[in-house]
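*Asks:* Dropping a structure here in structure tokens format, bear with me for questions.
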Amino acid sequence: MKNSIEINPILNKLPKHLKQFIKPQNYEDYSAIDQAVWRYVMLKNVNYLSKAAHKSYLEGLKLTGVSIDSIPNMYGMNRILKDIGWAAVAVDGFIPPNAFMEFQAYNVLVIASDIRQLEHIEYTPAPDIIHEGAGHAPIISNPEYAEYLRRFGEIGCKAISSAKDYELYEAVRHLSIIKEAPHTPEKDIEQAEKHIEELQQNMGAPSEMALIRNLHWWTVEYGLIGTVEKPKIYGAGLLSSIGESEWCLTDAVKKIPYTLEATYQNFDITKPQPQLYVTPDFAHLSLVLEEFANTMALRTGGLSGVKKLINSKALGSIELSTGLQISGVFTNVIEKNSKPIYLQTTGKTALAYREKELVGHGIETHKKGLGSPIGKLKGINLAIEDMSPRDLAAYNIYEEQKVILEFEGGIKVSGEIITGKRNLQGKIILISFKNCTVSHGDTILFKPEQGIYDMAVGKEIISAFSGPADLNSFNLITHVPSEKTIQVKKTKERLRLEALYQQIRDYRDDINRTISRTKVLEELIENHASDWLLPLEIYELAYIGNEIELSKKALTHLNNVKYNRPEVGKLIDDGIEIIRYKENYITNK
């Protein structure tokens, strides 16, 4: 793991709270069956996608070090990705959406290092290395798209979630794990799918994270580019699905010009998508993203921004017009005339300016939260932040002076001023009081016995966003996944089958050319008659070597498998077609 992290300097810039999601790739854990699954998908995809994907795909396979014949090694990928300003890390399945997007903001590609089972070779709802490595990585070689991805992460990680979003994330993660795990009872899968459906039907108004996740799905995961009549594929979900990449371009799937309307189109990860969105070019993606960002509390602030944070029940921040930033769990807001006049956090709270914590105002100082009025003083047109030193003295806002400040909204602050803090422009951003009482009508919001009262200064809230303003203010290394991807103990039969796959792989890689492929095929027919991928690999080697007898024997067995397992018939036929017309696809070693 050490080498895979240090090989790319971009990874050294990652904050500690993101590094907690990184896990070792453990390349030696990939079996020869896993390698064969990767190889089949890549051969089939490259054969088809050379015609159907955006031109950046094939170019990107070479530039990002993604091989057709072998599962990519994270160490090697990082060595190559650094040349285009990106890096890659391995993670365990789905990670929380904010973290996923924050990785993107640092130009880091998150790769779920597990690989789908042979039984799910066409599609899996679980993120895997085929989806991430063969889907996402190649397209980021396009500079315009890579910048879109980075910018999406930068904006997306600030999107505010609702409390229900995380519950849905956990449910989706659970479903993806059990669907990919072998021998999961069908009733368990049905129950998990039903739970997700129930959650989706009771989400209420969609949060910012839910909306931007839709944009991510319809672009980064399932995007088409070009014209509605003749689109090309660029979305990683389509690039990595050998079934859906073909189906998506048929008339069975509705094609819609990509606009901000896609924000409100939900999706189901367990089913093929009935409609897809087509962007004319990658630049258009950024235009729509900025259009959406203009609707976010990140840019609008105000009462709605605070309410979104309260609804999230999670760590978030607001920024006042002075630039002062308050980070914590927001629990209450008092409003008047649709404007916030007082806001309150509960529990550990920190104050910052320009993403840097104010000295003496971290979570140790504000252990129990912070409340503060918002707005102008009553009867005074000049906001506190706009007052000159002479104005402040005139209104008695001065060190060691007892003062009563009454705000337009009705909040009253009465106490003795200790000191204040100013921003770089000289504007007052914080005033500290002792013996202070804060009230709203008959309601006491702060009492003298509670200690020092730190009053944030700002006539309005200009921004509200997820997470802390200063990443160092809070201990963010708290991620404990509810469940880990299932590593099933292999049966003796499975291990014997893997050994047969390994022999053929060793033969292909010139590690051992003395292996009798005929004997391997005979043992396969006798003990693993339902397997279809290994006889296809044997057929390929025999066909390339013009070994007629072995070719016939492998082909006969494949026809028997098709007869007994019609569900894999198309996979076999497609594999044979690629082998016979091998000159039509591009090798990338």
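Labels for the structure tokens follow display order: chains A, B, ..., residues from 1 in each chain, ligands from 1.
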List as a list in words the protein and nucleic acid residues near range 316-330 of chain A, meaning an atom at most 6 Å away when only C-alpha atoms are counted, but skip any in the same chain fewer than 2 places from it.
*Replies:*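 Counting only the stated atoms, we get Ile310, Ala314, Gln344, Thr345, Thr346, Thr349, Ala350, Leu351, Ala352, Tyr353, Ile429, Gly458, Glu460, Ile461, Ile462, Ser463, Ala464, Phe465, Ser466, Gly467 and Pro468 of chain A.
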*Asks:* Which residues come within 9 Å of range 433-445 of chain A, counting only C-alpha atoms, excluding same-chain residues fewer than 6 positions away, as a list in words?
*Replies:*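 Everything that qualifies: Gly371, Ser372, Gly409, Gly410, Ile411, Lys412, Val413, Ser414, Gly415, Glu416, Ile417, Ile418, Thr419, Gly451, Ile452, Tyr453, Asp454 and Met455 of chain A.
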*Asks:* Would you mind writing down, as an MDAnalysis selection string, each residue of range 80-157 of chain A that DSSP on the backbone assigns to alpha helix (DSSP H)?
*Replies:* chainID A and resid 80:81 97:105 129 137:139 143:156
*Asks:* When distances are computed from only C-alpha atoms, which of A:His174, A:Val457, A:Asp470, A:Thr491 shows the smallest separation from Asn423 in chain A?
*Replies:*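 Once distances to Asn423 in chain A are computed over only C-alpha atoms, the minimum belongs to A:Val457.
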*Asks:* Name the residues of range 221-309 of chain A that come out as strand (DSSP E) in a backbone DSSP run; write them as a list in words.
*Replies:*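 Here is the list: Leu224, Ile225, Gly226, Pro231, Lys232, Ile233, Lys254, Lys255, Ile256, Pro257, Gln275, Leu276, Tyr277, Val278 and Thr279 of chain A.
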*Asks:* Let me see the file: selected residues, all heavy atoms, as a short mmCIF file (atom, residue, chain, number, x, y, z; two decimals), in the first residue's frame.
*Replies:*
```
data_model
loop_
_atom_site.label_atom_id
_atom_site.label_comp_id
_atom_site.auth_asym_id
_atom_site.auth_seq_id
_atom_site.Cartn_x
_atom_site.Cartn_y
_atom_site.Cartn_z
N LEU A 224 -24.01 10.50 -22.66
CA LEU A 224 -23.76 10.37 -24.10
C LEU A 224 -23.34 11.75 -24.62
O LEU A 224 -23.73 12.77 -24.06
CB LEU A 224 -25.02 9.89 -24.82
CG LEU A 224 -25.57 8.51 -24.44
CD1 LEU A 224 -26.86 8.23 -25.19
CD2 LEU A 224 -24.55 7.42 -24.70
N ILE A 225 -22.60 11.76 -25.72
CA ILE A 225 -22.10 13.02 -26.27
C ILE A 225 -22.25 13.03 -27.79
O ILE A 225 -22.16 12.00 -28.45
CB ILE A 225 -20.62 13.23 -25.86
CG1 ILE A 225 -20.12 14.61 -26.27
CG2 ILE A 225 -19.72 12.12 -26.42
CD1 ILE A 225 -18.77 14.98 -25.65
N GLY A 226 -22.54 14.22 -28.32
CA GLY A 226 -22.73 14.34 -29.77
C GLY A 226 -24.11 14.86 -30.09
O GLY A 226 -24.59 15.80 -29.46
N PRO A 231 -25.35 9.70 -31.06
CA PRO A 231 -24.49 9.99 -29.91
C PRO A 231 -23.35 8.98 -29.76
O PRO A 231 -23.41 7.87 -30.30
CB PRO A 231 -25.45 9.88 -28.74
CG PRO A 231 -26.45 8.85 -29.17
CD PRO A 231 -26.60 9.03 -30.66
N LYS A 232 -22.33 9.39 -29.03
CA LYS A 232 -21.24 8.50 -28.63
C LYS A 232 -21.27 8.36 -27.11
O LYS A 232 -21.84 9.18 -26.39
CB LYS A 232 -19.89 9.09 -29.06
CG LYS A 232 -19.71 9.23 -30.57
CD LYS A 232 -19.40 7.89 -31.21
CE LYS A 232 -19.04 8.07 -32.68
NZ LYS A 232 -18.74 6.79 -33.34
N ILE A 233 -20.62 7.32 -26.61
CA ILE A 233 -20.62 7.03 -25.18
C ILE A 233 -19.40 7.66 -24.50
O ILE A 233 -18.30 7.60 -25.02
CB ILE A 233 -20.60 5.51 -24.94
CG1 ILE A 233 -21.85 4.85 -25.52
CG2 ILE A 233 -20.47 5.20 -23.46
CD1 ILE A 233 -21.78 3.33 -25.55
N LYS A 254 -34.57 6.15 -24.81
CA LYS A 254 -34.88 7.51 -25.24
C LYS A 254 -33.66 8.41 -25.04
O LYS A 254 -33.00 8.37 -24.00
CB LYS A 254 -36.06 8.04 -24.43
CG LYS A 254 -36.56 9.41 -24.88
CD LYS A 254 -37.76 9.84 -24.02
CE LYS A 254 -38.27 11.22 -24.44
NZ LYS A 254 -39.39 11.67 -23.58
N LYS A 255 -33.34 9.24 -26.03
CA LYS A 255 -32.22 10.17 -25.95
C LYS A 255 -32.77 11.60 -25.79
O LYS A 255 -33.62 12.03 -26.56
CB LYS A 255 -31.35 10.10 -27.22
CG LYS A 255 -31.02 8.70 -27.71
CD LYS A 255 -30.24 7.88 -26.73
CE LYS A 255 -29.73 6.58 -27.33
NZ LYS A 255 -30.76 5.68 -27.86
N ILE A 256 -32.26 12.32 -24.78
CA ILE A 256 -32.76 13.64 -24.45
C ILE A 256 -31.59 14.63 -24.42
O ILE A 256 -30.54 14.31 -23.84
CB ILE A 256 -33.45 13.64 -23.06
CG1 ILE A 256 -34.54 12.56 -23.01
CG2 ILE A 256 -34.04 15.01 -22.73
CD1 ILE A 256 -35.06 12.29 -21.60
N PRO A 257 -31.73 15.82 -25.01
CA PRO A 257 -30.66 16.82 -24.91
C PRO A 257 -30.39 17.16 -23.44
O PRO A 257 -31.32 17.34 -22.66
CB PRO A 257 -31.22 18.03 -25.66
CG PRO A 257 -32.25 17.46 -26.60
CD PRO A 257 -32.84 16.29 -25.87
N GLN A 275 -33.87 6.10 -20.21
CA GLN A 275 -33.56 7.30 -20.98
C GLN A 275 -32.14 7.76 -20.63
O GLN A 275 -31.63 7.49 -19.55
CB GLN A 275 -34.56 8.44 -20.71
CG GLN A 275 -34.40 9.17 -19.39
CD GLN A 275 -34.87 8.39 -18.20
OE1 GLN A 275 -36.01 7.96 -18.18
NE2 GLN A 275 -34.02 8.19 -17.22
N LEU A 276 -31.52 8.43 -21.58
CA LEU A 276 -30.18 8.95 -21.37
C LEU A 276 -30.10 10.37 -21.93
O LEU A 276 -30.89 10.74 -22.80
CB LEU A 276 -29.13 8.07 -22.06
CG LEU A 276 -28.98 6.65 -21.49
CD1 LEU A 276 -28.04 5.82 -22.37
CD2 LEU A 276 -28.49 6.66 -20.05
N TYR A 277 -29.14 11.14 -21.42
CA TYR A 277 -29.00 12.54 -21.82
C TYR A 277 -27.75 12.71 -22.70
O TYR A 277 -26.70 12.12 -22.43
CB TYR A 277 -28.91 13.43 -20.59
CG TYR A 277 -30.21 13.50 -19.83
CD1 TYR A 277 -30.52 12.55 -18.86
CD2 TYR A 277 -31.16 14.48 -20.10
CE1 TYR A 277 -31.72 12.59 -18.17
CE2 TYR A 277 -32.35 14.54 -19.40
CZ TYR A 277 -32.64 13.58 -18.45
OH TYR A 277 -33.83 13.62 -17.76
N VAL A 278 -27.90 13.55 -23.72
CA VAL A 278 -26.82 13.75 -24.69
C VAL A 278 -26.33 15.20 -24.60
O VAL A 278 -27.11 16.14 -24.79
CB VAL A 278 -27.31 13.47 -26.13
CG1 VAL A 278 -26.13 13.55 -27.10
CG2 VAL A 278 -27.98 12.10 -26.21
N THR A 279 -25.05 15.36 -24.29
CA THR A 279 -24.45 16.69 -24.30
C THR A 279 -23.77 16.93 -25.65
O THR A 279 -23.18 15.99 -26.21
CB THR A 279 -23.41 16.85 -23.16
OG1 THR A 279 -22.89 18.19 -23.19
CG2 THR A 279 -22.25 15.88 -23.31
#
```
*Asks:* Please list as an NGL selection string every residue within 8 Å of Leu118 in chain A, counting only C-alpha atoms and excluding residues in the same chain fewer than 3 positions away.
*Replies:* :A and (33-34 or 37 or 121)
*Asks:* Selected residues, C-alpha atoms, written as a short mmCIF file (atom, residue, chain, number, x, y, z; two decimals), in the first residue's frame, please.
*Replies:*
```cif
data_model
loop_
_atom_site.label_atom_id
_atom_site.label_comp_id
_atom_site.auth_asym_id
_atom_site.auth_seq_id
_atom_site.Cartn_x
_atom_site.Cartn_y
_atom_site.Cartn_z
CA ILE A 33 -10.68 -16.14 -13.10
CA ASP A 34 -10.76 -12.46 -12.14
CA VAL A 37 -13.22 -11.66 -16.51
CA ILE A 121 -19.83 -10.17 -15.97
#
```
*Asks:* Which of these, A:Ile177, A:Ala134, A:Glu355, A:Ile111, has the shortest distance to Leu43 in chain A once you count only C-alpha atoms?
*Replies:*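 Looking only at the distances to Leu43 in chain A, the closest residue turns out to be A:Ala134.
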*Asks:* Taking only C-alpha atoms into account, which of A:Ser141, A:Ser241, A:Gln117, A:Ser67 comes nearest Ala87 in chain A?
*Replies:* A:Ser141
*Asks:* How far is it from CA of Glu522 in chain A to CA of Ile115 in chain A, in Å with one decimal?
*Replies:*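 Straight-line distance from CA of Glu522 in chain A to CA of Ile115 in chain A works out to 27.9 Å.
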*Asks:* Can you tell me, as a PyMOL selection string, what residues are no more than 7 Å from range 214-217 of chain A when counting only C-alpha atoms, ignoring any on the same chain fewer than 3 positions away?
*Replies:* chain A and resi 210-211+220-222+262-263+265-266
*Asks:* Please, what distance in Å, to one decimal, runs between CA of Lys490 in chain A and CA of Tyr30 in chain A?
*Replies:*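 About the pair CA of Lys490 in chain A and CA of Tyr30 in chain A: they are 12.8 Å apart.
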*Asks:* Quick one: which range 467-553 of chain A residues come within 12 Å of range 357-365 of chain A, and what is the nearest atom pair for each with the distance in Å to one decimal, counting only C-alpha atoms, rows ordered by chain and ascending number, as JSON lines?
*Replies:*
```
{"residue": "A:Pro468", "atom": "CA", "partner": "A:Glu357", "partner_atom": "CA", "distance": 9.9}
{"residue": "A:Ala469", "atom": "CA", "partner": "A:Glu357", "partner_atom": "CA", "distance": 7.9}
{"residue": "A:Asp470", "atom": "CA", "partner": "A:Glu357", "partner_atom": "CA", "distance": 5.9}
{"residue": "A:Leu471", "atom": "CA", "partner": "A:Glu357", "partner_atom": "CA", "distance": 9.1}
{"residue": "A:Asn472", "atom": "CA", "partner": "A:Glu357", "partner_atom": "CA", "distance": 8.1}
{"residue": "A:Ser473", "atom": "CA", "partner": "A:Gly362", "partner_atom": "CA", "distance": 6.3}
{"residue": "A:Phe474", "atom": "CA", "partner": "A:Ile363", "partner_atom": "CA", "distance": 7.4}
{"residue": "A:Asn475", "atom": "CA", "partner": "A:Ile363", "partner_atom": "CA", "distance": 10.0}
```
*Asks:* Would you mind telling me which residue in A:Arg494, A:Lys339, A:Lys447, A:Arg79 lies nearest to Gly301 in chain A when using only C-alpha atoms?
*Replies:* A:Lys339
*Asks:* Write out as a ChimeraX atom specification which residues come within 12 Å of Asn564 in chain A when counting only C-alpha atoms, dropping same-chain ones fewer than 4 positions away.
*Replies:* /A:529-532,557-560,568-569
*Asks:* Between CA of Ser50 in chain A and CA of Ala542 in chain A, what is the distance, to one decimal in Å?
*Replies:*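 Between these atoms lies a distance of 25.7 Å.
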*Asks:* Using only C-alpha atoms, which residues sit within 9 Å of range 187-197 of chain A once same-chain residues fewer than 2 positions away are excluded, as a PyMOL selection string?
*Replies:* chain A and resi 168+171-172+174-175+178-179+184-185+199-202+270
*Asks:* Go ahead and write the selection's residues with C-alpha atoms as a PDB file, in the first residue's frame.
*Replies:*
```pdb
ATOM      1  CA  LEU A 168     -30.311   5.778   1.414  1.00  0.00           C
ATOM      2  CA  ALA A 171     -29.148   0.946   1.858  1.00  0.00           C
ATOM      3  CA  VAL A 172     -27.638   1.187  -1.639  1.00  0.00           C
ATOM      4  CA  HIS A 174     -25.850  -2.887   1.376  1.00  0.00           C
ATOM      5  CA  LEU A 175     -27.695  -3.922  -1.798  1.00  0.00           C
ATOM      6  CA  ILE A 178     -25.178  -8.624  -1.209  1.00  0.00           C
ATOM      7  CA  LYS A 179     -25.973  -8.648  -4.950  1.00  0.00           C
ATOM      8  CA  THR A 184     -27.085 -14.503  -1.398  1.00  0.00           C
ATOM      9  CA  PRO A 185     -30.696 -15.727  -1.002  1.00  0.00           C
ATOM     10  CA  LEU A 199     -36.779   5.085   1.173  1.00  0.00           C
ATOM     11  CA  GLN A 200     -36.881   6.690  -2.271  1.00  0.00           C
ATOM     12  CA  GLN A 201     -40.626   7.146  -2.041  1.00  0.00           C
ATOM     13  CA  ASN A 202     -40.331   8.909   1.314  1.00  0.00           C
ATOM     14  CA  THR A 270     -30.381  -2.010 -10.276  1.00  0.00           C
TER      15      THR A 270
END
```
